[in-house]
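Q: Here you go, query15.cif (mmCIF, C-alpha atoms and all ligand atoms):
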```cif
data_structure
#
loop_
_atom_site.group_PDB
_atom_site.id
_atom_site.type_symbol
_atom_site.label_atom_id
_atom_site.label_comp_id
_atom_site.auth_asym_id
_atom_site.auth_seq_id
_atom_site.Cartn_x
_atom_site.Cartn_y
_atom_site.Cartn_z
ATOM 1 C CA MET A 121 188.244 -0.661 122.240
ATOM 2 C CA SER A 122 189.570 -3.863 120.779
ATOM 3 C CA TYR A 123 190.819 -4.613 117.282
ATOM 4 C CA PRO A 124 191.265 -8.038 115.716
ATOM 5 C CA ASN A 125 194.776 -9.387 115.515
ATOM 6 C CA ASN A 126 196.307 -11.093 112.544
ATOM 7 C CA LYS A 127 197.874 -14.088 114.254
ATOM 8 C CA GLU A 128 194.698 -16.129 114.417
ATOM 9 C CA THR A 129 194.823 -19.101 112.104
ATOM 10 C CA PRO A 130 192.424 -18.981 109.175
ATOM 11 C CA LYS A 131 189.746 -21.641 109.023
ATOM 12 C CA LYS A 132 191.119 -25.005 108.020
ATOM 13 C CA ASN A 133 189.055 -25.351 104.858
ATOM 14 C CA GLN A 134 190.617 -22.145 103.560
ATOM 15 C CA LEU A 135 194.051 -23.729 103.384
ATOM 16 C CA GLY A 136 194.606 -25.599 100.125
ATOM 17 C CA ASN A 137 197.603 -26.806 98.158
ATOM 18 C CA GLN A 138 197.893 -23.484 96.380
ATOM 19 C CA ASN A 139 198.226 -21.725 99.710
ATOM 20 C CA ILE A 140 200.931 -24.110 100.868
ATOM 21 C CA ILE A 141 202.917 -23.234 97.745
ATOM 22 C CA TYR A 142 202.466 -19.542 98.529
ATOM 23 C CA ILE A 143 203.721 -20.111 102.089
ATOM 24 C CA ILE A 144 206.866 -21.781 100.781
ATOM 25 C CA ILE A 145 207.472 -18.939 98.314
ATOM 26 C CA LEU A 146 206.956 -16.351 101.026
ATOM 27 C CA ILE A 147 209.348 -18.061 103.400
ATOM 28 C CA LEU A 148 211.993 -17.945 100.715
ATOM 29 C CA VAL A 149 211.467 -14.455 99.414
ATOM 30 C CA CYS A 150 209.485 -12.078 101.550
ATOM 31 C CA PHE A 151 209.261 -10.532 104.948
ATOM 32 C CA ILE A 152 205.660 -10.480 105.972
ATOM 33 C CA CYS A 153 204.414 -8.089 108.590
ATOM 34 C CA GLY A 154 202.382 -10.261 110.805
ATOM 35 C CA ALA A 155 204.151 -13.539 110.212
ATOM 36 C CA SER A 156 205.796 -15.182 113.169
ATOM 37 C CA ILE A 157 208.452 -16.764 110.987
ATOM 38 C CA GLU A 158 211.825 -15.091 110.520
ATOM 39 C CA MET A 159 213.331 -15.029 107.055
ATOM 40 C CA SER A 160 216.944 -14.795 106.020
ATOM 41 C CA ILE A 161 218.140 -11.231 105.703
ATOM 42 C CA HIS A 162 219.200 -10.083 102.287
ATOM 43 C CA LYS A 163 222.174 -7.844 101.847
ATOM 44 C CA THR A 164 221.068 -4.467 103.155
ATOM 45 C CA SER A 165 220.617 -1.971 100.398
ATOM 46 C CA ILE A 166 220.354 1.521 101.763
ATOM 47 C CA HIS A 167 221.651 4.084 99.360
ATOM 48 C CA GLN A 168 222.134 7.730 100.077
ATOM 49 C CA GLU A 169 220.415 8.542 96.800
ATOM 50 C CA THR A 170 217.588 6.020 97.086
ATOM 51 C CA LYS A 171 214.452 7.415 95.537
ATOM 52 C CA ILE A 172 211.080 6.366 96.894
ATOM 53 C CA TYR A 173 208.034 6.026 94.650
ATOM 54 C CA LEU A 174 204.487 5.887 95.933
ATOM 55 C CA LEU A 175 202.416 3.690 93.644
ATOM 56 C CA PRO A 176 198.626 3.712 94.078
ATOM 57 C CA VAL A 177 196.947 0.345 93.461
ATOM 58 C CA GLY A 178 193.349 1.360 92.770
ATOM 59 C CA ASP A 179 192.063 4.802 93.773
ATOM 60 C CA ILE A 180 193.934 6.518 96.588
ATOM 61 C CA ASP A 181 192.943 10.031 97.600
ATOM 62 C CA GLU A 182 195.255 12.988 97.056
ATOM 63 C CA GLU A 183 195.530 13.965 100.739
ATOM 64 C CA THR A 184 196.780 10.516 101.733
ATOM 65 C CA LEU A 185 199.393 10.503 98.954
ATOM 66 C CA GLU A 186 200.579 14.037 99.711
ATOM 67 C CA THR A 187 200.774 13.312 103.442
ATOM 68 C CA LEU A 188 202.852 10.204 102.757
ATOM 69 C CA LYS A 189 205.041 12.087 100.318
ATOM 70 C CA SER A 190 206.038 14.766 102.799
ATOM 71 C CA ARG A 191 206.282 12.555 105.888
ATOM 72 C CA LEU A 192 208.364 9.865 104.150
ATOM 73 C CA ALA A 193 210.721 12.469 102.677
ATOM 74 C CA GLU A 194 211.190 13.836 106.220
ATOM 75 C CA THR A 195 211.820 10.412 107.739
ATOM 76 C CA PHE A 196 214.075 8.894 105.089
ATOM 77 C CA HIS A 197 215.724 12.070 103.741
ATOM 78 C CA ARG A 198 214.985 10.820 100.240
ATOM 79 C CA ASN A 199 213.173 12.159 97.231
ATOM 80 C CA VAL A 200 209.638 10.832 97.253
ATOM 81 C CA GLU A 201 207.580 10.881 94.069
ATOM 82 C CA ILE A 202 204.088 9.739 93.188
ATOM 83 C CA HIS A 203 204.233 7.111 90.440
ATOM 84 C CA ASP A 204 201.475 6.302 87.948
ATOM 85 C CA GLY A 205 199.027 3.932 89.549
ATOM 86 C CA MET A 206 197.864 0.475 88.575
ATOM 87 C CA ASN A 207 194.520 -1.304 88.755
ATOM 88 C CA ILE A 208 193.917 -3.784 91.517
ATOM 89 C CA PRO A 209 194.865 -7.169 89.984
ATOM 90 C CA LYS A 210 191.686 -9.250 89.792
ATOM 91 C CA LYS A 211 193.698 -12.446 90.093
ATOM 92 C CA ALA A 212 194.784 -11.454 93.606
ATOM 93 C CA TYR A 213 191.192 -11.633 94.871
ATOM 94 C CA ASN A 214 190.165 -14.582 96.987
ATOM 95 C CA PRO A 215 186.326 -14.769 96.957
ATOM 96 C CA GLN A 216 186.213 -17.070 99.981
ATOM 97 C CA ARG A 217 188.197 -14.671 102.130
ATOM 98 C CA LYS A 218 186.951 -11.518 100.355
ATOM 99 C CA GLN A 219 190.541 -10.284 100.523
ATOM 100 C CA TYR A 220 193.478 -9.789 98.155
ATOM 101 C CA LEU A 221 196.703 -11.759 98.271
ATOM 102 C CA SER A 222 199.405 -9.159 98.917
ATOM 103 C CA SER A 223 202.228 -11.306 97.479
ATOM 104 C CA HIS A 224 200.388 -11.504 94.202
ATOM 105 C CA ILE A 225 200.178 -7.712 93.966
ATOM 106 C CA LEU A 226 203.924 -7.487 94.720
ATOM 107 C CA ASP A 227 204.545 -9.916 91.838
ATOM 108 C CA GLU A 228 202.483 -7.714 89.531
ATOM 109 C CA LEU A 229 204.590 -4.720 90.533
ATOM 110 C CA HIS A 230 207.724 -6.542 89.438
ATOM 111 C CA ASN A 231 206.137 -6.916 86.001
ATOM 112 C CA LEU A 232 204.966 -3.312 85.871
ATOM 113 C CA VAL A 233 208.128 -1.390 86.699
ATOM 114 C CA SER A 234 211.738 -2.094 85.908
ATOM 115 C CA SER A 235 213.337 -0.973 89.113
ATOM 116 C CA SER A 236 216.962 -0.214 89.774
ATOM 117 C CA GLU A 237 218.464 -1.014 93.166
ATOM 118 C CA LYS A 238 218.378 2.639 94.067
ATOM 119 C CA GLU A 239 214.602 2.844 93.820
ATOM 120 C CA LYS A 240 212.071 1.685 96.353
ATOM 121 C CA TYR A 241 208.396 1.349 95.505
ATOM 122 C CA LEU A 242 205.676 1.558 98.103
ATOM 123 C CA ALA A 243 202.352 0.341 96.731
ATOM 124 C CA ILE A 244 199.292 1.702 98.514
ATOM 125 C CA THR A 245 195.920 0.070 98.220
ATOM 126 C CA GLY A 246 192.512 0.493 99.765
ATOM 127 C CA VAL A 247 191.657 -3.210 99.613
ATOM 128 C CA ASP A 248 192.095 -5.642 102.490
ATOM 129 C CA LEU A 249 195.227 -7.789 102.126
ATOM 130 C CA TYR A 250 196.116 -11.245 103.371
ATOM 131 C CA VAL A 251 198.725 -13.946 103.230
ATOM 132 C CA PRO A 252 197.586 -17.564 103.608
ATOM 133 C CA GLN A 253 198.699 -18.174 107.190
ATOM 134 C CA LEU A 254 197.252 -14.965 108.640
ATOM 135 C CA ASN A 255 193.814 -13.384 108.941
ATOM 136 C CA PHE A 256 195.070 -10.185 107.339
ATOM 137 C CA VAL A 257 198.195 -8.099 106.903
ATOM 138 C CA PHE A 258 198.647 -4.341 107.198
ATOM 139 C CA GLY A 259 201.433 -4.669 104.660
ATOM 140 C CA GLU A 260 204.211 -6.746 103.218
ATOM 141 C CA ALA A 261 207.745 -5.931 102.106
ATOM 142 C CA GLU A 262 210.691 -7.569 100.457
ATOM 143 C CA LEU A 263 213.442 -7.345 103.045
ATOM 144 C CA GLY A 264 216.201 -5.264 101.502
ATOM 145 C CA GLY A 265 214.281 -5.414 98.230
ATOM 146 C CA GLN A 266 212.616 -2.911 95.942
ATOM 147 C CA PHE A 267 208.935 -3.384 96.690
ATOM 148 C CA ALA A 268 206.587 -2.991 99.607
ATOM 149 C CA ILE A 269 202.836 -2.640 99.951
ATOM 150 C CA ILE A 270 200.450 -1.298 102.565
ATOM 151 C CA SER A 271 196.694 -1.658 102.871
ATOM 152 C CA LEU A 272 194.610 1.245 104.136
ATOM 153 C CA ALA A 273 191.478 -0.890 104.657
ATOM 154 C CA ARG A 274 191.984 -1.659 108.349
ATOM 155 C CA LEU A 275 193.404 1.745 109.254
ATOM 156 C CA HIS A 276 189.972 3.418 109.095
ATOM 157 C CA GLN A 277 187.989 3.572 112.338
ATOM 158 C CA SER A 278 184.874 2.901 110.242
ATOM 159 C CA PHE A 279 186.238 -0.579 109.423
ATOM 160 C CA TYR A 280 185.489 -1.464 113.070
ATOM 161 C CA GLY A 281 182.148 0.354 113.218
ATOM 162 C CA PHE A 282 183.514 3.510 114.892
ATOM 163 C CA PRO A 283 183.158 7.098 113.600
ATOM 164 C CA ASP A 284 185.969 7.973 111.210
ATOM 165 C CA ASP A 285 188.946 9.926 112.499
ATOM 166 C CA ARG A 286 190.920 11.389 109.598
ATOM 167 C CA ALA A 287 193.966 12.490 111.624
ATOM 168 C CA LEU A 288 194.239 9.068 113.268
ATOM 169 C CA PHE A 289 193.859 7.348 109.876
ATOM 170 C CA LEU A 290 196.648 9.439 108.317
ATOM 171 C CA GLU A 291 198.969 8.847 111.273
ATOM 172 C CA ARG A 292 198.397 5.087 111.057
ATOM 173 C CA THR A 293 199.051 5.230 107.319
ATOM 174 C CA VAL A 294 202.384 7.001 107.858
ATOM 175 C CA LYS A 295 203.415 4.440 110.510
ATOM 176 C CA GLU A 296 202.633 1.480 108.265
ATOM 177 C CA ALA A 297 204.394 3.125 105.310
ATOM 178 C CA VAL A 298 207.551 3.890 107.320
ATOM 179 C CA HIS A 299 207.486 0.351 108.737
ATOM 180 C CA GLU A 300 207.280 -1.387 105.360
ATOM 181 C CA LEU A 301 209.826 0.898 103.730
ATOM 182 C CA GLY A 302 212.054 0.257 106.755
ATOM 183 C CA HIS A 303 211.944 -3.445 105.803
ATOM 184 C CA ALA A 304 212.647 -2.628 102.150
ATOM 185 C CA LEU A 305 215.650 -0.669 103.382
ATOM 186 C CA GLY A 306 216.877 -3.694 105.310
ATOM 187 C CA LEU A 307 215.532 -3.184 108.838
ATOM 188 C CA ARG A 308 213.908 -6.038 110.733
ATOM 189 C CA HIS A 309 211.335 -5.998 113.536
ATOM 190 C CA CYS A 310 212.350 -4.170 116.706
ATOM 191 C CA PRO A 311 211.473 -5.263 120.270
ATOM 192 C CA ASN A 312 210.814 -1.671 121.387
ATOM 193 C CA PRO A 313 206.978 -1.286 121.336
ATOM 194 C CA GLU A 314 207.284 2.459 120.664
ATOM 195 C CA CYS A 315 209.531 2.015 117.625
ATOM 196 C CA VAL A 316 207.970 2.169 114.179
ATOM 197 C CA MET A 317 209.745 -1.117 113.331
ATOM 198 C CA HIS A 318 207.872 -2.957 116.111
ATOM 199 C CA PHE A 319 205.623 -5.696 114.768
ATOM 200 C CA SER A 320 201.921 -4.739 114.707
ATOM 201 C CA ASN A 321 199.788 -7.709 115.538
ATOM 202 C CA SER A 322 196.753 -5.440 115.819
ATOM 203 C CA LEU A 323 195.928 -1.747 115.540
ATOM 204 C CA VAL A 324 196.596 -1.383 119.264
ATOM 205 C CA ASP A 325 200.281 -1.980 118.468
ATOM 206 C CA THR A 326 200.165 0.467 115.559
ATOM 207 C CA ASP A 327 198.556 3.151 117.735
ATOM 208 C CA ARG A 328 201.053 2.571 120.543
ATOM 209 C CA LYS A 329 204.136 2.961 118.410
ATOM 210 C CA LYS A 330 205.492 6.203 117.020
ATOM 211 C CA ALA A 331 206.006 7.008 113.353
ATOM 212 C CA VAL A 332 209.784 7.165 113.787
ATOM 213 C CA PHE A 333 212.700 4.774 114.400
ATOM 214 C CA CYS A 334 213.948 4.190 117.937
ATOM 215 C CA SER A 335 217.586 5.139 118.621
ATOM 216 C CA SER A 336 218.804 1.560 117.915
ATOM 217 C CA CYS A 337 217.014 1.318 114.571
ATOM 218 C CA LEU A 338 218.122 4.811 113.657
ATOM 219 C CA LYS A 339 221.746 3.848 114.400
ATOM 220 C CA LEU A 340 221.361 0.756 112.258
ATOM 221 C CA PHE A 341 219.830 2.834 109.490
ATOM 222 C CA GLU A 342 222.652 5.422 109.647
ATOM 223 C CA LYS A 343 225.327 2.704 109.872
ATOM 224 C CA HIS A 344 224.080 1.009 106.719
ATOM 225 C CA LYS A 345 223.964 4.373 104.992
ATOM 226 C CA GLU A 346 227.642 5.121 105.807
ATOM 227 C CA HIS A 347 228.714 1.806 104.300
ATOM 228 C CA ARG A 348 227.116 2.430 100.947
HETATM 229 ZN ZN ZN B 1 206.978 -5.737 109.725
HETATM 230 ZN ZN ZN B 2 213.604 0.127 116.835
#
```
So, in terms of structure tokens, how does the structure I just supplied come out?
A:
Amino acid sequence: MSYPNNKETPKKNQLGNQNIIYIIILILVCFICGASIEMSIHKTSIHQETKIYLLPVGDIDEETLETLKSRLAETFHRNVEIHDGMNIPKKAYNPQRKQYLSSHILDELHNLVSSSEKEKYLAITGVDLYVPQLNFVFGEAELGGQFAIISLARLHQSFYGFPDDRALFLERTVKEAVHELGHALGLRHCPNPECVMHFSNSLVDTDRKKAVFCSSCLKLFEKHKEHR
């Protein structure tokens, strides 16, 4: 079974001036899962009392939200709550790519909620996300920031023409959610292919890794926590 990877360059005619501006903004601000560029690390902001909000962008089913709620609470030892949702921003849609620009949705989230440093927001959407230099992204996060987003679109077996597998879908969703929140909590990509913070270039990587931090990432996570 093979899954597409997100490192392939989009077709040349899809790259315009607007996209170049987005690339520059992303280099400065965000940590993109799938990008090969490394961005400067912000001051790590892991707080003992950090609350995590799940924020549906468009319709997200109850089982997925409840699964995320309990698994993320277990992993991060934080309160996890389901926030009111928002509509999928129409402006984020790129008709040529038939995908949504994830950075644009993150911008909309900044406008929607006034977040304190102690709150992390994980947006969850069913639509397929992209950033200009990649074919797609499973998610995007602000490193050490307040906001992260994951897309469920490519986590379904049916996306690739295979019969759906609900348990596999939910496990992939948890992995991507932990990964992006890990970034929002200040963790970077990990070289250990079994660690949840390992970069997923395709679903093969997602399926290989576990939904938890490796011992090094866990130490880093705990160390940051002690210092706050
Ligand atoms: Zn990542
Ligand atoms: Zn690790």
Q: Rank A:Val332, A:Leu301, A:Leu254, A:Leu275 by their smallest atom-to-atom distance to Tyr123 of chain A, using only C-alpha atoms, and report the top residue only.
A: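 Nearest to Tyr123 of chain A: A:Leu275.
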Q: Have a look at A:Phe289, A:Phe333, A:Tyr250, A:Phe341 and name the one nearest to ligand ZN 2 (chain B); count only C-alpha atoms and all ligand atoms.
A: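 Nearest to ligand ZN 2 (chain B): A:Phe333.
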Q: Since I can't run it myself right now, could you work out what the PyMOL selection byres (((chain A and resi 217-230) around 6) and not hetatm) selects here and report it as a PDB file with C-alpha atoms, in the frame of the given file?
A:
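And here is the file that came out, result_16.pdb:
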```
ATOM      1  CA  ALA A 212     194.784 -11.454  93.606  1.00  0.00           C
ATOM      2  CA  TYR A 213     191.192 -11.633  94.871  1.00  0.00           C
ATOM      3  CA  ASN A 214     190.165 -14.582  96.987  1.00  0.00           C
ATOM      4  CA  PRO A 215     186.326 -14.769  96.957  1.00  0.00           C
ATOM      5  CA  GLN A 216     186.213 -17.070  99.981  1.00  0.00           C
ATOM      6  CA  ASN A 231     206.137  -6.916  86.001  1.00  0.00           C
ATOM      7  CA  LEU A 232     204.966  -3.312  85.871  1.00  0.00           C
ATOM      8  CA  VAL A 233     208.128  -1.390  86.699  1.00  0.00           C
ATOM      9  CA  ASP A 248     192.095  -5.642 102.490  1.00  0.00           C
ATOM     10  CA  LEU A 249     195.227  -7.789 102.126  1.00  0.00           C
ATOM     11  CA  TYR A 250     196.116 -11.245 103.371  1.00  0.00           C
ATOM     12  CA  VAL A 251     198.725 -13.946 103.230  1.00  0.00           C
TER      13      VAL A 251
END
```
Q: Run the PyMOL selection byres (((not hetatm)) within 10 of (chain B and resi 1)) mentally over the shown coordinates, then write out the matched residues as a list in words, using the chain letters and numbers from the document.
A: Phe151, Ile152, Cys153, Gly154, Ala155, Val257, Phe258, Gly259, Glu260, Ala261, Leu263, Glu296, Val298, His299, Glu300, Leu301, Gly302, His303, Ala304, Leu307, Arg308, His309, Cys310, Val316, Met317, His318, Phe319, Ser320 and Asn321 of chain A
Q: Taking C-alpha atoms for each residue, export the selection above as an mmCIF file, keeping the file's coordinate frame.
A:
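This is the output file result_35.cif:
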```
data_model
loop_
_atom_site.group_PDB
_atom_site.id
_atom_site.type_symbol
_atom_site.label_atom_id
_atom_site.label_comp_id
_atom_site.auth_asym_id
_atom_site.auth_seq_id
_atom_site.Cartn_x
_atom_site.Cartn_y
_atom_site.Cartn_z
ATOM 1 C CA PHE A 151 209.261 -10.532 104.948
ATOM 2 C CA ILE A 152 205.660 -10.480 105.972
ATOM 3 C CA CYS A 153 204.414 -8.089 108.590
ATOM 4 C CA GLY A 154 202.382 -10.261 110.805
ATOM 5 C CA ALA A 155 204.151 -13.539 110.212
ATOM 6 C CA VAL A 257 198.195 -8.099 106.903
ATOM 7 C CA PHE A 258 198.647 -4.341 107.198
ATOM 8 C CA GLY A 259 201.433 -4.669 104.660
ATOM 9 C CA GLU A 260 204.211 -6.746 103.218
ATOM 10 C CA ALA A 261 207.745 -5.931 102.106
ATOM 11 C CA LEU A 263 213.442 -7.345 103.045
ATOM 12 C CA GLU A 296 202.633 1.480 108.265
ATOM 13 C CA VAL A 298 207.551 3.890 107.320
ATOM 14 C CA HIS A 299 207.486 0.351 108.737
ATOM 15 C CA GLU A 300 207.280 -1.387 105.360
ATOM 16 C CA LEU A 301 209.826 0.898 103.730
ATOM 17 C CA GLY A 302 212.054 0.257 106.755
ATOM 18 C CA HIS A 303 211.944 -3.445 105.803
ATOM 19 C CA ALA A 304 212.647 -2.628 102.150
ATOM 20 C CA LEU A 307 215.532 -3.184 108.838
ATOM 21 C CA ARG A 308 213.908 -6.038 110.733
ATOM 22 C CA HIS A 309 211.335 -5.998 113.536
ATOM 23 C CA CYS A 310 212.350 -4.170 116.706
ATOM 24 C CA VAL A 316 207.970 2.169 114.179
ATOM 25 C CA MET A 317 209.745 -1.117 113.331
ATOM 26 C CA HIS A 318 207.872 -2.957 116.111
ATOM 27 C CA PHE A 319 205.623 -5.696 114.768
ATOM 28 C CA SER A 320 201.921 -4.739 114.707
ATOM 29 C CA ASN A 321 199.788 -7.709 115.538
#
```
Q: May I ask for the distance between atom CA of Asn126 of chain A and atom CA of Glu186 of chain A, given in Å to one decimal place?
A: 28.5 Å
Q: Atom CA of Leu175 of chain A to atom CA of Gly205 of chain A: how many Å, to one decimal?
A: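 Atom-to-atom, atom CA of Leu175 of chain A to atom CA of Gly205 of chain A, that is 5.3 Å.
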Q: Suppose you want the space between atom CA of Arg198 of chain A and atom CA of Lys238 of chain A; what is it in Å?
A: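 So the two atoms, atom CA of Arg198 of chain A and atom CA of Lys238 of chain A, lie 10.8 Å apart.
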Q: Which residue is closest to ligand ZN 2 (chain B)? Choose from A:Leu185, A:Cys315, A:Ala331, A:Ile270 and count all atoms listed in the file.
A: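 The closest residue to ligand ZN 2 (chain B) is A:Cys315.
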Q: Using the file's own x, y and z axes, what box holds all listed atoms of segment 267-271 of chain A with 4 Å on each side, keeping edges along x, y and z, and what are its centre and edge lengths in Å to one decimal, as lines of an AutoDock Vina configuration file?
A:
```
center_x = 202.8
center_y = -2.3
center_z = 99.8
size_x = 20.2
size_y = 10.1
size_z = 14.2
```
Q: So which residues fall inside 12 Å of (208.3, 10.3, 102.6) if we count only C-alpha atoms? Mind giving them as a ChimeraX atom specification?
A: /A:170-174,184-202,240-242,293-299,301-302,331-332
Q: Which is closer to ligand ZN 2 (chain B) than all the others in A:Val177, A:Leu340, A:Cys334, A:Leu272, using only C-alpha atoms and all ligand atoms?
A: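 Using only C-alpha atoms and all ligand atoms, ligand ZN 2 (chain B) sits closest to A:Cys334.
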Q: Can you pull out the residues contacting Asn207 of chain A? Cut-off 9 Å, using all atoms listed in the file, and skip same-chain residues under 4 positions away; I want them as an NGL selection string.
A: :A and (176-179)
Q: Just C-alpha atoms for this one: save the residues we selected as an mmCIF file, in the frame of the given file.
A:
```
data_model
loop_
_atom_site.group_PDB
_atom_site.id
_atom_site.type_symbol
_atom_site.label_atom_id
_atom_site.label_comp_id
_atom_site.auth_asym_id
_atom_site.auth_seq_id
_atom_site.Cartn_x
_atom_site.Cartn_y
_atom_site.Cartn_z
ATOM 1 C CA PRO A 176 198.626 3.712 94.078
ATOM 2 C CA VAL A 177 196.947 0.345 93.461
ATOM 3 C CA GLY A 178 193.349 1.360 92.770
ATOM 4 C CA ASP A 179 192.063 4.802 93.773
#
```
Q: From the list A:Glu314, A:Asp284, A:Glu342, A:Asp327, which residue is nearest ligand ZN 2 (chain B) when using only C-alpha atoms and all ligand atoms?
A: A:Glu314
Q: So which one's closest to ligand ZN 2 (chain B), A:Phe267, A:Pro311, A:Ser234, A:Lys330? Using only C-alpha atoms and all ligand atoms, please.
A: A:Pro311
